[in-house]
file upload20.pdb (PDB, C-alpha atoms)
ATOM      1  CA  MET A 719      31.650 -83.047 138.266
ATOM      2  CA  LYS A 720      33.445 -85.615 140.402
ATOM      3  CA  LYS A 721      33.355 -83.234 143.373
ATOM      4  CA  PHE A 722      29.621 -82.803 142.820
ATOM      5  CA  ILE A 723      29.120 -86.584 142.887
ATOM      6  CA  LEU A 724      31.185 -86.925 146.072
ATOM      7  CA  LEU A 725      29.327 -84.236 147.979
ATOM      8  CA  SER A 726      25.788 -84.714 146.596
ATOM      9  CA  LEU A 727      25.342 -88.251 147.933
ATOM     10  CA  ILE A 728      23.889 -87.170 151.261
ATOM     11  CA  PHE A 729      21.115 -89.632 151.959
ATOM     12  CA  ILE A 730      20.998 -93.254 150.829
ATOM     13  CA  SER A 731      18.321 -95.340 152.513
ATOM     14  CA  LEU A 732      18.496 -99.093 152.766
ATOM     15  CA  LYS A 733      15.349 -99.220 150.653
ATOM     16  CA  THR A 734      16.754 -97.270 147.708
ATOM     17  CA  PHE A 735      20.069 -99.081 147.995
ATOM     18  CA  ALA A 736      18.291-102.428 147.730
ATOM     19  CA  GLN A 737      16.589-101.273 144.555
ATOM     20  CA  ASN A 738      19.567-102.037 142.314
ATOM     21  CA  LYS A 739      21.697 -99.236 143.735
ATOM     22  CA  ALA A 740      25.378 -99.858 144.301
ATOM     23  CA  LEU A 741      28.419 -98.067 145.641
ATOM     24  CA  LYS A 742      32.035 -97.743 144.566
ATOM     25  CA  VAL A 743      34.185 -96.481 147.422
ATOM     26  CA  ALA A 744      37.884 -95.580 147.372
ATOM     27  CA  TYR A 745      40.104 -95.848 150.451
ATOM     28  CA  GLN A 746      43.674 -94.764 151.077
ATOM     29  CA  VAL A 747      45.251 -97.579 153.057
ATOM     30  CA  TYR A 748      48.287 -97.065 155.283
ATOM     31  CA  ALA A 749      49.810-100.306 156.533
ATOM     32  CA  LYS A 750      52.898-101.008 158.610
ATOM     33  CA  GLN A 751      53.048-104.634 157.515
ATOM     34  CA  SER A 752      56.691-104.908 158.600
ATOM     35  CA  LYS A 753      58.079-103.681 161.922
ATOM     36  CA  GLU A 754      61.301-102.474 160.293
ATOM     37  CA  LYS A 755      60.075-101.251 156.891
ATOM     38  CA  PRO A 756      58.297 -97.935 156.152
ATOM     39  CA  VAL A 757      54.509 -97.667 156.136
ATOM     40  CA  LEU A 758      52.947 -98.790 152.852
ATOM     41  CA  LYS A 759      50.456 -96.428 151.215
ATOM     42  CA  GLU A 760      48.144 -97.886 148.572
ATOM     43  CA  THR A 761      44.638 -97.341 147.184
ATOM     44  CA  PHE A 762      41.892 -99.925 147.586
ATOM     45  CA  LEU A 763      38.398-100.001 146.130
ATOM     46  CA  LEU A 764      35.267-101.306 147.822
ATOM     47  CA  PHE A 765      32.537-102.397 145.391
ATOM     48  CA  ILE A 766      29.130-102.894 147.039
ATOM     49  CA  ASN A 767      25.829-104.142 145.676
ATOM     50  CA  ASN A 768      22.717-105.294 147.516
ATOM     51  CA  HIS A 769      24.075-108.715 148.491
ATOM     52  CA  LYS A 770      27.841-108.736 148.026
ATOM     53  CA  SER A 771      30.925-106.543 148.363
ATOM     54  CA  LEU A 772      34.526-106.749 147.207
ATOM     55  CA  PHE A 773      37.569-105.017 148.736
ATOM     56  CA  ILE A 774      40.565-105.105 146.400
ATOM     57  CA  ASN A 775      43.764-103.199 145.564
ATOM     58  CA  GLN A 776      43.194-100.725 142.726
ATOM     59  CA  ASN A 777      46.595-101.507 141.214
ATOM     60  CA  LYS A 778      45.757-105.200 141.081
ATOM     61  CA  ILE A 779      42.769-104.434 138.879
ATOM     62  CA  ILE A 780      44.885-102.233 136.596
ATOM     63  CA  SER A 781      47.890-104.563 136.381
ATOM     64  CA  ASP A 782      45.700-107.629 135.761
ATOM     65  CA  SER A 783      43.898-105.824 132.931
ATOM     66  CA  LEU A 784      47.166-104.645 131.376
ATOM     67  CA  PHE A 785      48.710-108.103 131.627
ATOM     68  CA  THR A 786      45.730-109.637 129.817
ATOM     69  CA  ILE A 787      45.956-107.032 127.049
ATOM     70  CA  TYR A 788      49.720-107.411 126.621
ATOM     71  CA  PHE A 789      49.628-111.203 126.879
ATOM     72  CA  ASN A 790      47.080-111.400 124.061
ATOM     73  CA  LYS A 791      49.128-108.905 122.059
ATOM     74  CA  MET A 792      52.314-110.937 122.469
ATOM     75  CA  LYS A 793      50.456-114.130 121.676
ATOM     76  CA  HIS A 794      49.254-112.594 118.425
ATOM     77  CA  GLU A 795      52.697-111.228 117.529
ATOM     78  CA  SER A 796      54.322-114.581 118.259
ATOM     79  CA  LYS A 797      52.026-116.157 115.648
ATOM     80  CA  ASN A 798      50.688-118.688 118.144
ATOM     81  CA  SER A 799      54.169-119.747 119.223
ATOM     82  CA  HIS A 800      54.231-121.736 122.476
ATOM     83  CA  VAL A 801      56.861-119.323 123.816
ATOM     84  CA  ILE A 802      55.500-115.922 124.855
ATOM     85  CA  ASN A 803      57.960-113.550 126.505
ATOM     86  CA  LEU A 804      57.148-110.241 128.181
ATOM     87  CA  ARG A 805      60.717-109.620 129.316
ATOM     88  CA  ASN A 806      62.533-106.426 128.363
ATOM     89  CA  THR A 807      59.500-104.903 126.740
ATOM     90  CA  GLU A 808      57.873-101.516 127.200
ATOM     91  CA  ASP A 809      54.682-103.389 128.051
ATOM     92  CA  LYS A 810      56.309-105.040 131.042
ATOM     93  CA  LYS A 811      57.659-101.668 132.199
ATOM     94  CA  THR A 812      54.116-100.273 132.065
ATOM     95  CA  ILE A 813      52.793-103.146 134.188
ATOM     96  CA  LYS A 814      55.578-102.559 136.741
ATOM     97  CA  LYS A 815      54.294 -99.015 137.300
ATOM     98  CA  TYR A 816      51.293-100.579 139.000
ATOM     99  CA  LYS A 817      53.129-102.822 141.437
ATOM    100  CA  TYR A 818      51.524-103.289 144.828
ATOM    101  CA  LYS A 819      52.495-104.903 148.123
ATOM    102  CA  LEU A 820      49.185-104.995 149.959
ATOM    103  CA  ASN A 821      47.304-107.862 148.397
ATOM    104  CA  TRP A 822      44.219-108.648 150.451
ATOM    105  CA  ILE A 823      41.159-109.578 148.441
ATOM    106  CA  VAL A 824      38.080-109.673 150.669
ATOM    107  CA  GLU A 825      34.642-110.722 149.443
ATOM    108  CA  LYS A 826      31.620-110.415 151.727
ATOM    109  CA  ASP A 827      28.577-112.463 150.707
ATOM    110  CA  PHE A 828      25.754-111.041 152.812
ATOM    111  CA  LYS A 829      23.143-113.340 151.303
ATOM    112  CA  ASN A 830      24.990-116.452 152.493
ATOM    113  CA  ASN A 831      26.614-114.867 155.577
ATOM    114  CA  GLN A 832      30.119-115.675 154.332
ATOM    115  CA  LEU A 833      33.431-113.878 153.935
ATOM    116  CA  THR A 834      36.295-115.040 151.713
ATOM    117  CA  LEU A 835      39.838-113.710 152.037
ATOM    118  CA  GLN A 836      42.684-114.356 149.624
ATOM    119  CA  GLN A 837      46.231-113.124 150.090
ATOM    120  CA  LYS A 838      49.552-113.669 148.400
ATOM    121  CA  ALA A 839      51.971-115.655 150.562
ATOM    122  CA  PHE A 840      55.452-115.555 149.020
ATOM    123  CA  MET A 841      55.222-117.826 145.937
ATOM    124  CA  SER A 842      51.677-118.995 146.704
ATOM    125  CA  ARG A 843      48.168-117.658 147.074
ATOM    126  CA  ILE A 844      46.279-118.585 150.217
ATOM    127  CA  ARG A 845      42.505-118.451 150.619
ATOM    128  CA  TYR A 846      39.826-119.288 153.156
ATOM    129  CA  THR A 847      36.091-118.785 153.623
ATOM    130  CA  GLN A 848      34.532-118.095 157.021
ATOM    131  CA  ASP A 849      31.234-116.901 158.441
ATOM    132  CA  LEU A 850      30.907-113.140 158.445
ATOM    133  CA  PRO A 851      32.622-112.153 161.707
ATOM    134  CA  HIS A 852      30.507-110.917 164.589
ATOM    135  CA  LEU A 853      32.100-107.597 165.506
ATOM    136  CA  ALA A 854      31.337-106.254 168.986
ATOM    137  CA  TRP A 855      31.157-102.534 168.184
ATOM    138  CA  LYS A 856      30.818 -99.984 170.984
ATOM    139  CA  LEU A 857      29.003 -96.890 169.686
ATOM    140  CA  GLN A 858      30.190 -93.494 170.959
ATOM    141  CA  ASP A 859      28.690 -89.997 171.016
ATOM    142  CA  SER A 860      31.585 -88.197 169.265
ATOM    143  CA  VAL A 861      31.033 -86.805 165.755
ATOM    144  CA  LYS A 862      33.175 -85.170 163.073
ATOM    145  CA  THR A 863      33.034 -84.488 159.321
ATOM    146  CA  ILE A 864      34.715 -86.441 156.492
ATOM    147  CA  LEU A 865      34.119 -85.533 152.817
ATOM    148  CA  GLY A 866      31.222 -83.341 153.915
ATOM    149  CA  TYR A 867      29.448 -86.185 155.735
ATOM    150  CA  THR A 868      28.738 -86.222 159.454
ATOM    151  CA  VAL A 869      30.329 -89.368 160.870
ATOM    152  CA  LYS A 870      30.029 -90.976 164.287
ATOM    153  CA  LYS A 871      32.616 -92.782 166.366
ATOM    154  CA  ALA A 872      32.714 -96.470 167.288
ATOM    155  CA  LEU A 873      35.259 -98.650 169.077
ATOM    156  CA  LEU A 874      36.212-102.264 168.399
ATOM    157  CA  HIS A 875      38.613-104.905 169.663
ATOM    158  CA  TYR A 876      39.357-107.429 166.903
ATOM    159  CA  LYS A 877      42.126-109.986 166.411
ATOM    160  CA  GLY A 878      44.470-108.457 168.974
ATOM    161  CA  ARG A 879      44.029-104.815 167.949
ATOM    162  CA  ASP A 880      41.939-101.948 169.309
ATOM    163  CA  TYR A 881      40.268 -99.872 166.596
ATOM    164  CA  VAL A 882      38.623 -96.470 166.288
ATOM    165  CA  ALA A 883      36.070 -96.234 163.482
ATOM    166  CA  TRP A 884      34.051 -93.373 162.009
ATOM    167  CA  TYR A 885      30.863 -94.266 160.137
ATOM    168  CA  ALA A 886      28.204 -92.263 158.294
ATOM    169  CA  PRO A 887      24.611 -93.025 159.359
ATOM    170  CA  SER A 888      23.371 -91.109 156.290
ATOM    171  CA  VAL A 889      25.010 -93.731 154.041
ATOM    172  CA  ALA A 890      22.993 -96.604 155.452
ATOM    173  CA  VAL A 891      25.175 -99.423 154.175
ATOM    174  CA  SER A 892      26.564-101.730 156.839
ATOM    175  CA  ASP A 893      29.975-102.316 155.278
ATOM    176  CA  GLY A 894      33.538-101.063 155.212
ATOM    177  CA  PRO A 895      37.128-101.870 154.262
ATOM    178  CA  TYR A 896      38.843-105.212 154.838
ATOM    179  CA  LYS A 897      36.654-107.467 157.083
ATOM    180  CA  PHE A 898      35.023-104.555 158.891
ATOM    181  CA  TRP A 899      31.228-104.283 158.725
ATOM    182  CA  GLY A 900      28.169-104.261 160.990
ATOM    183  CA  LEU A 901      27.866-100.575 161.893
ATOM    184  CA  PRO A 902      24.661 -98.598 161.165
ATOM    185  CA  GLY A 903      26.345 -96.799 158.265
ATOM    186  CA  LEU A 904      29.287 -97.045 155.865
ATOM    187  CA  ILE A 905      32.704 -96.936 157.542
ATOM    188  CA  PHE A 906      34.540 -93.823 156.338
ATOM    189  CA  GLU A 907      37.644 -94.237 158.481
ATOM    190  CA  ILE A 908      39.068 -96.929 160.739
ATOM    191  CA  TYR A 909      42.469 -97.297 162.364
ATOM    192  CA  ASP A 910      44.058 -99.240 165.187
ATOM    193  CA  VAL A 911      45.236 -97.219 168.169
ATOM    194  CA  LYS A 912      48.897 -97.881 167.321
ATOM    195  CA  ASN A 913      48.165 -96.534 163.822
ATOM    196  CA  ASP A 914      49.796 -99.569 162.207
ATOM    197  CA  TYR A 915      46.751 -99.934 159.937
ATOM    198  CA  HIS A 916      44.666 -96.983 158.780
ATOM    199  CA  PHE A 917      41.841 -96.937 156.214
ATOM    200  CA  LEU A 918      40.528 -93.530 155.096
ATOM    201  CA  ILE A 919      37.815 -92.913 152.522
ATOM    202  CA  THR A 920      38.830 -90.649 149.611
ATOM    203  CA  GLY A 921      35.828 -90.926 147.301
ATOM    204  CA  ILE A 922      32.358 -92.413 146.988
ATOM    205  CA  GLU A 923      30.080 -92.905 143.986
ATOM    206  CA  VAL A 924      26.536 -94.217 143.781
ATOM    207  CA  LYS A 925      25.747 -96.299 140.712
ATOM    208  CA  ASP A 926      22.772 -98.169 139.293
ATOM    209  CA  ASN A 927      24.908-101.264 138.994
ATOM    210  CA  ILE A 928      28.398-102.435 139.905
ATOM    211  CA  VAL A 929      30.387-104.757 137.671
ATOM    212  CA  PHE A 930      32.946-106.530 139.815
ATOM    213  CA  PRO A 931      36.422-107.034 138.286
ATOM    214  CA  LYS A 932      36.619-110.270 136.295
ATOM    215  CA  ASP A 933      38.302-113.272 137.962
ATOM    216  CA  TYR A 934      39.268-111.277 141.049
ATOM    217  CA  PHE A 935      40.195-114.519 142.820
ATOM    218  CA  PRO A 936      43.079-115.808 140.641
ATOM    219  CA  LYS A 937      43.311-119.540 140.142
ATOM    220  CA  GLY A 938      46.366-121.501 141.204
ATOM    221  CA  SER A 939      49.165-122.316 138.771
ATOM    222  CA  SER A 940      52.464-124.175 138.749
ATOM    223  CA  LEU A 941      54.262-120.882 139.437
ATOM    224  CA  MET A 942      51.771-119.591 141.995
ATOM    225  CA  PRO A 943      49.815-122.480 143.575
ATOM    226  CA  LEU A 944      46.596-121.849 145.495
ATOM    227  CA  VAL A 945      46.562-123.026 149.108
ATOM    228  CA  LYS A 946      43.062-123.473 150.534
ATOM    229  CA  THR A 947      42.922-123.255 154.294
ATOM    230  CA  THR A 948      40.705-122.128 157.170
ATOM    231  CA  GLU A 949      40.750-118.943 159.227
ATOM    232  CA  LYS A 950      42.089-120.941 162.196
ATOM    233  CA  ASN A 951      44.950-122.480 160.189
ATOM    234  CA  PHE A 952      45.768-119.402 158.120
ATOM    235  CA  ASN A 953      48.929-118.333 159.958
ATOM    236  CA  LYS A 954      50.262-121.905 160.081
ATOM    237  CA  ASP A 955      49.665-122.487 156.356
ATOM    238  CA  PHE A 956      50.945-119.000 155.522
ATOM    239  CA  ASN A 957      54.267-119.835 157.198
ATOM    240  CA  LYS A 958      54.454-123.171 155.374
ATOM    241  CA  THR A 959      54.812-121.326 152.067
ATOM    242  CA  PHE A 960      58.243-120.120 153.208
ATOM    243  CA  ASN A 961      60.041-123.391 152.581
ATOM    244  CA  ILE A 962      63.497-124.103 151.179
ATOM    245  CA  ASN A 963      62.273-125.324 147.800
ATOM    246  CA  ASN A 964      60.184-122.182 147.267
ATOM    247  CA  ILE A 965      63.110-119.975 148.262
ATOM    248  CA  VAL A 966      65.903-121.707 146.334
ATOM    249  CA  GLY A 967      64.279-123.890 143.677
ATOM    250  CA  ASN A 968      66.865-124.715 141.047
ATOM    251  CA  THR A 969      69.074-121.737 141.888
ATOM    252  CA  VAL A 970      72.784-122.565 141.994
ATOM    253  CA  ILE A 971      74.347-121.237 145.213
ATOM    254  CA  ILE A 972      78.055-120.419 145.000
ATOM    255  CA  GLY A 973      80.232-119.975 148.080
ATOM    256  CA  GLN A 974      77.437-120.617 150.569
ATOM    257  CA  ASP A 975      75.625-123.648 151.927
ATOM    258  CA  ARG A 976      72.222-124.065 150.235
ATOM    259  CA  ASP A 977      70.256-124.505 153.463
ATOM    260  CA  GLU A 978      72.065-121.611 155.123
ATOM    261  CA  TYR A 979      71.279-119.374 152.161
ATOM    262  CA  ALA A 980      67.616-120.427 152.255
ATOM    263  CA  LYS A 981      67.291-119.774 155.989
ATOM    264  CA  GLU A 982      68.697-116.252 155.563
ATOM    265  CA  ARG A 983      66.319-115.545 152.681
ATOM    266  CA  ILE A 984      63.324-116.909 154.590
ATOM    267  CA  LYS A 985      64.187-114.723 157.588
ATOM    268  CA  LYS A 986      64.369-111.586 155.414
ATOM    269  CA  ILE A 987      61.153-112.328 153.546
ATOM    270  CA  LYS A 988      59.217-113.225 156.694
ATOM    271  CA  ALA A 989      60.304-109.883 158.172
ATOM    272  CA  LEU A 990      58.204-108.188 155.478
ATOM    273  CA  TYR A 991      55.084-109.700 157.087
ATOM    274  CA  ASP A 992      55.982-109.656 160.788
ATOM    275  CA  ASN A 993      53.280-107.135 161.766
ATOM    276  CA  PRO A 994      50.059-108.565 160.277
ATOM    277  CA  ILE A 995      46.726-106.840 160.636
ATOM    278  CA  GLU A 996      45.380-109.853 162.560
ATOM    279  CA  LEU A 997      47.589-110.595 165.553
ATOM    280  CA  ASN A 998      45.662-113.465 167.125
ATOM    281  CA  GLU A 999      42.463-115.498 166.973
ATOM    282  CA  ASP A1000      40.409-113.671 169.632
TER     283      ASP A1000
END
call {"tool": "encode", "arguments": {"input": "upload20.pdb", "output": "structure tokens"}}
result
Amino acid sequence: MKKFILLSLIFISLKTFAQNKALKVAYQVYAKQSKEKPVLKETFLLFINNHKSLFINQNKIISDSLFTIYFNKMKHESKNSHVINLRNTEDKKTIKKYKYKLNWIVEKDFKNNQLTLQQKAFMSRIRYTQDLPHLAWKLQDSVKTILGYTVKKALLHYKGRDYVAWYAPSVAVSDGPYKFWGLPGLIFEIYDVKNDYHFLITGIEVKDNIVFPKDYFPKGSSLMPLVKTTEKNFNKDFNKTFNINNIVGNTVIIGQDRDEYAKERIKKIKALYDNPIELNED
């Protein structure tokens, strides 16, 4: 049945899509976020309706849902105690199965021409809203097949990387993974020429309506504050989250200078993000 759904969605016009049709698209994402660490491989979902889309890690949706269920369960079992502890429980082990390291959340608001990106930055969340980027695509003549769809080639230079994209004109939705959009068809595959970042479609469903995950932009907290910034200041504010107090806190350091310990930790943690998808502001 699933295979039938994947292969039967051959033609979607903009007209029928606008009439309360929506898409749920799955992508396998390969990301070399660190120069020294192995490539990360995780699944993202792209939810699209007629005026908005959301690109989010599948495991985030699952882990957030499980945490809510288990938190309410523990709250009930604690008889409304102010102390609720998920440590050393089978529930916590279940949540850990859905850990993820790629944590972009990208919302495109086509009605208001805006894009919002949120990302975890060490012990903080960082978010900004920008105009939908103008992407200078160069359409090519090459074609190939992905999931039974004929897709066409396009080239793009964006934020310091050169990309090859493959889009399906028969799925007339001008959207894609991450910030990518603007082609005359849904993006099925896109990768930079160094293959540091690669997005490949693995499934597509057409629905009458899409319910976006609840509270997909988490609010700030004392443990994980929200830093609001701009696209221009993102890298600067991202680096600010790697400060000594965030690294050490109240930890007691034995046999090593506190600042020296913090600098070593900051260096190691920053190395996990030293090959970002956006290299510059061009």
call {"tool": "residues_around", "arguments": {"input": "upload20.pdb", "residues": "range 908-915 of chain A", "least_positions_apart": "4", "cutoff": "7 Å", "atoms": "all atoms listed in the file", "output": "JSON, numbers by chain"}}
result
{"A": [748, 749, 750, 879, 880, 881, 882, 883, 884, 995]}
call {"tool": "write_last_selection", "arguments": {"input": "upload20.pdb", "atoms": "C-alpha atoms", "output": "compact mmCIF listing (two decimals), in the coordinates of the input"}}
result
# COMPACT_ATOMS: atom_id res chain seq x y z
CA TYR A 748 48.29 -97.06 155.28
CA ALA A 749 49.81 -100.31 156.53
CA LYS A 750 52.90 -101.01 158.61
CA ARG A 879 44.03 -104.82 167.95
CA ASP A 880 41.94 -101.95 169.31
CA TYR A 881 40.27 -99.87 166.60
CA VAL A 882 38.62 -96.47 166.29
CA ALA A 883 36.07 -96.23 163.48
CA TRP A 884 34.05 -93.37 162.01
CA ILE A 995 46.73 -106.84 160.64
call {"tool": "residues_near_point", "arguments": {"input": "upload20.pdb", "point": "(33.7, -116.4, 145.9)", "cutoff": "8 Å", "atoms": "only C-alpha atoms", "output": "list in words"}}
result
Glu825, Thr834 and Phe935 of chain A
call {"tool": "closest_residue", "arguments": {"input": "upload20.pdb", "among": "A:Gly921, A:Asn927, A:Phe828, A:Val861", "to": "Gly900 in chain A", "atoms": "only C-alpha atoms"}}
result
A:Phe828
call {"tool": "closest_residue", "arguments": {"input": "upload20.pdb", "among": "A:Ser888, A:Ser842, A:Thr920, A:Asn775", "to": "Lys958 in chain A", "atoms": "all atoms listed in the file"}}
result
A:Ser842
call {"tool": "atom_distance", "arguments": {"input": "upload20.pdb", "atom1": "CA of Tyr885 in chain A", "atom2": "CA of Ser860 in chain A"}}
result
11.0 Å
call {"tool": "axis_aligned_box", "arguments": {"input": "upload20.pdb", "around": "range 827-830 of chain A", "padding_each_side": "6 Å", "output": "AutoDock Vina command-line options"}}
result
--center_x 25.9 --center_y -113.7 --center_z 151.8 --size_x 17.4 --size_y 17.4 --size_z 14.1
call {"tool": "residues_around", "arguments": {"input": "upload20.pdb", "residues": "range 844-857 of chain A", "least_positions_apart": "6", "cutoff": "7 Å", "atoms": "all atoms listed in the file", "output": "VMD selection string"}}
result
chain A and resid 831 to 838 871 to 874 900 944 to 949
call {"tool": "write_last_selection", "arguments": {"input": "upload20.pdb", "atoms": "C-alpha atoms", "output": "mmCIF file, in the coordinates of the input"}}
result
data_model
loop_
_atom_site.group_PDB
_atom_site.id
_atom_site.type_symbol
_atom_site.label_atom_id
_atom_site.label_comp_id
_atom_site.auth_asym_id
_atom_site.auth_seq_id
_atom_site.Cartn_x
_atom_site.Cartn_y
_atom_site.Cartn_z
ATOM 1 C CA ASN A 831 26.614 -114.867 155.577
ATOM 2 C CA GLN A 832 30.119 -115.675 154.332
ATOM 3 C CA LEU A 833 33.431 -113.878 153.935
ATOM 4 C CA THR A 834 36.295 -115.040 151.713
ATOM 5 C CA LEU A 835 39.838 -113.710 152.037
ATOM 6 C CA GLN A 836 42.684 -114.356 149.624
ATOM 7 C CA GLN A 837 46.231 -113.124 150.090
ATOM 8 C CA LYS A 838 49.552 -113.669 148.400
ATOM 9 C CA LYS A 871 32.616 -92.782 166.366
ATOM 10 C CA ALA A 872 32.714 -96.470 167.288
ATOM 11 C CA LEU A 873 35.259 -98.650 169.077
ATOM 12 C CA LEU A 874 36.212 -102.264 168.399
ATOM 13 C CA GLY A 900 28.169 -104.261 160.990
ATOM 14 C CA LEU A 944 46.596 -121.849 145.495
ATOM 15 C CA VAL A 945 46.562 -123.026 149.108
ATOM 16 C CA LYS A 946 43.062 -123.473 150.534
ATOM 17 C CA THR A 947 42.922 -123.255 154.294
ATOM 18 C CA THR A 948 40.705 -122.128 157.170
ATOM 19 C CA GLU A 949 40.750 -118.943 159.227
#
call {"tool": "atom_distance", "arguments": {"input": "upload20.pdb", "atom1": "CA of Gln751 in chain A", "atom2": "CA of Tyr896 in chain A"}}
result
14.5 Å
call {"tool": "atom_distance", "arguments": {"input": "upload20.pdb", "atom1": "CA of Gln776 in chain A", "atom2": "CA of Gln746 in chain A"}}
result
10.3 Å
call {"tool": "closest_residue", "arguments": {"input": "upload20.pdb", "among": "A:Leu772, A:Met942, A:Leu758, A:Ile905", "to": "Leu990 in chain A", "atoms": "all atoms listed in the file"}}
result
A:Leu758
